[in-house]
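Colleague: Right, I'll just put the structure down here and ask away after.
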Amino acid sequence: MTAIIATIITTASVVLILAGIFFFVGAAVGLLRFPDFYVRMHAAGKGDTLSSLLVILGFAVYQLHGFDSFSQDWLTLLVILKLLAVVVFIFLTSPTATSALMDAGWEDDVKPFIREGRSNHLEDDCGNA
Amino acid sequence: MITFEQFAIGAGGALFLLMLPAIYRIAVGPTALDRIVATNIIGTKTAVMLIIIGVVFERVEMFVDFALAYALLNFTGSIAASRFLHRTKDTGEAAAGIGATGGSEP
């Protein structure tokens, strides 16, 4: 029974970490390939937040193995709580930083990418923000 | 069958390889804000990688504090850079408006 639980814990953490690395790959590809500061920022902010959450949650799930040895339960619980604190912190601060940098780019007259031949309805209000 | 430790080392290596596009964006990014965004991404990846290092060394209770402090400093750096670039706009023709509208900002 204990071996089954240990296998479940390890499998869940491996799946979470692999999903996080998958979204990190998405963020990296978006950072390389998108044509514009704003869409690069979009890919980077979202992918980075979600993948950091998934990877750290995967390692937090793996720390549940520490409850097997009944000597240092409080230490394992403290580590899990700290990992969850890191998760909550990144979940709060990464979108805040993304929003602040986007606002700075808008104020700093970074032009959005507009395809050739399209009407540019942003032209009027981009300069005097 | 690989152990979880080897898997964690592989995950750290993958994170390092995914830092290279961000370094490319820092090198060639057209605007300064692109570089700041890429630096922010590298900082977040470093916070995750510190936890991986802690798992590999079996000292997570120590390295998680480092990761928390690193995430905090990364956030502070991003906010400071964005505020700095936010204000450099107000040096030209809008300088007269600082006294009128700039007072609302902290």
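Residue numbering restarts at 1 for every chain of the structure tokens, chains are lettered A, B, ... in their displayed order, and ligands are numbered from 1 as they appear.
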With only C-alpha atoms counted and 9 Å as the cut-off, give the residues of chain B in contact with chain A, each with its shortest interatomic distance in Å and the pair that gives it, as a Markdown table.

Modeller:
```
| residue | atom | partner | partner_atom | distance |
| --- | --- | --- | --- | --- |
| B:Phe4 | CA | A:Thr10 | CA | 7.9 |
| B:Phe7 | CA | A:Val14 | CA | 8.2 |
| B:Ala8 | CA | A:Ile17 | CA | 9.0 |
| B:Ala11 | CA | A:Ile21 | CA | 7.5 |
| B:Ala14 | CA | A:Ile21 | CA | 7.5 |
| B:Leu15 | CA | A:Ile21 | CA | 7.4 |
| B:Leu18 | CA | A:Ala28 | CA | 6.3 |
| B:Met19 | CA | A:Ala28 | CA | 7.8 |
| B:Leu20 | CA | A:Ala28 | CA | 8.6 |
| B:Pro21 | CA | A:Ala28 | CA | 6.0 |
| B:Ala22 | CA | A:Ala28 | CA | 6.9 |
| B:Tyr24 | CA | A:Leu32 | CA | 8.1 |
| B:Arg25 | CA | A:Leu32 | CA | 6.9 |
| B:Pro30 | CA | A:Phe37 | CA | 8.6 |
| B:Thr31 | CA | A:Phe37 | CA | 7.9 |
| B:Leu33 | CA | A:Gly105 | CA | 6.7 |
| B:Asp34 | CA | A:Phe37 | CA | 6.3 |
| B:Ile36 | CA | A:Leu101 | CA | 8.3 |
| B:Val37 | CA | A:Met41 | CA | 6.9 |
| B:Ala38 | CA | A:Ala44 | CA | 8.0 |
| B:Asn40 | CA | A:Ala97 | CA | 8.6 |
| B:Ile41 | CA | A:Asp48 | CA | 6.7 |
| B:Thr44 | CA | A:Ser52 | CA | 7.3 |
| B:Lys45 | CA | A:Ser52 | CA | 7.3 |
| B:Ala47 | CA | A:Ser52 | CA | 8.7 |
| B:Val48 | CA | A:Ser52 | CA | 6.6 |
| B:Ile51 | CA | A:Ile56 | CA | 7.5 |
| B:Ile52 | CA | A:Phe59 | CA | 7.9 |
| B:Val55 | CA | A:Phe59 | CA | 7.8 |
| B:Val60 | CA | A:Val79 | CA | 7.1 |
| B:Glu61 | CA | A:Val79 | CA | 5.4 |
| B:Met62 | CA | A:Val79 | CA | 8.8 |
| B:Val64 | CA | A:Leu83 | CA | 6.6 |
| B:Asp65 | CA | A:Lys82 | CA | 7.7 |
| B:Ala67 | CA | A:Val86 | CA | 7.5 |
| B:Leu68 | CA | A:Val86 | CA | 5.6 |
| B:Ala71 | CA | A:Ile90 | CA | 7.1 |
| B:Leu72 | CA | A:Phe89 | CA | 8.1 |
| B:Phe75 | CA | A:Thr93 | CA | 6.4 |
| B:Thr76 | CA | A:Ala97 | CA | 8.7 |
| B:Ser78 | CA | A:Ala97 | CA | 6.0 |
| B:Ile79 | CA | A:Ala97 | CA | 6.0 |
| B:Ala81 | CA | A:Leu101 | CA | 8.0 |
| B:Ser82 | CA | A:Leu101 | CA | 5.1 |
| B:Arg83 | CA | A:Ala104 | CA | 7.0 |
| B:Phe84 | CA | A:Ala104 | CA | 8.5 |
| B:Leu85 | CA | A:Ala104 | CA | 6.1 |
| B:His86 | CA | A:Ala104 | CA | 4.7 |
| B:Arg87 | CA | A:Ala104 | CA | 8.4 |
| B:Thr88 | CA | A:Asp108 | CA | 8.0 |
| B:Lys89 | CA | A:Asp108 | CA | 5.9 |
```

Colleague: List every residue of chain A that DSSP, applied to the backbone of this structure, places in helix (DSSP H, G or I), and write the result as a PyMOL selection string.

Modeller: chain A and resi 2-33+37-67+73-107+123-126

Colleague: I'd like the interatomic distance between CA of Phe63 (chain B) and CA of Phe91 (chain A), to a tenth of an Å.

Modeller: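 Here the two named atoms are 19.4 Å from each other.
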
Colleague: Could you tell me how far CA of Gly117 (chain A) lies from CA of Ala32 (chain B), in Å and to one decimal?

Modeller: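 According to the coordinates, CA of Gly117 (chain A) and CA of Ala32 (chain B) are separated by 27.8 Å.
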
Colleague: Can you work out the spacing between CA of Phe66 (chain B) and CA of Leu57 (chain A) in Å, to one decimal?

Modeller: 16.7 Å

Colleague: So, counting only C-alpha atoms, which residue among A:Lys111, A:Gly66, A:Ala19, A:Pro35 is closest to Leu54 (chain A)?

Modeller: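 Distance minimum relative to Leu54 (chain A) lands on A:Ala19.
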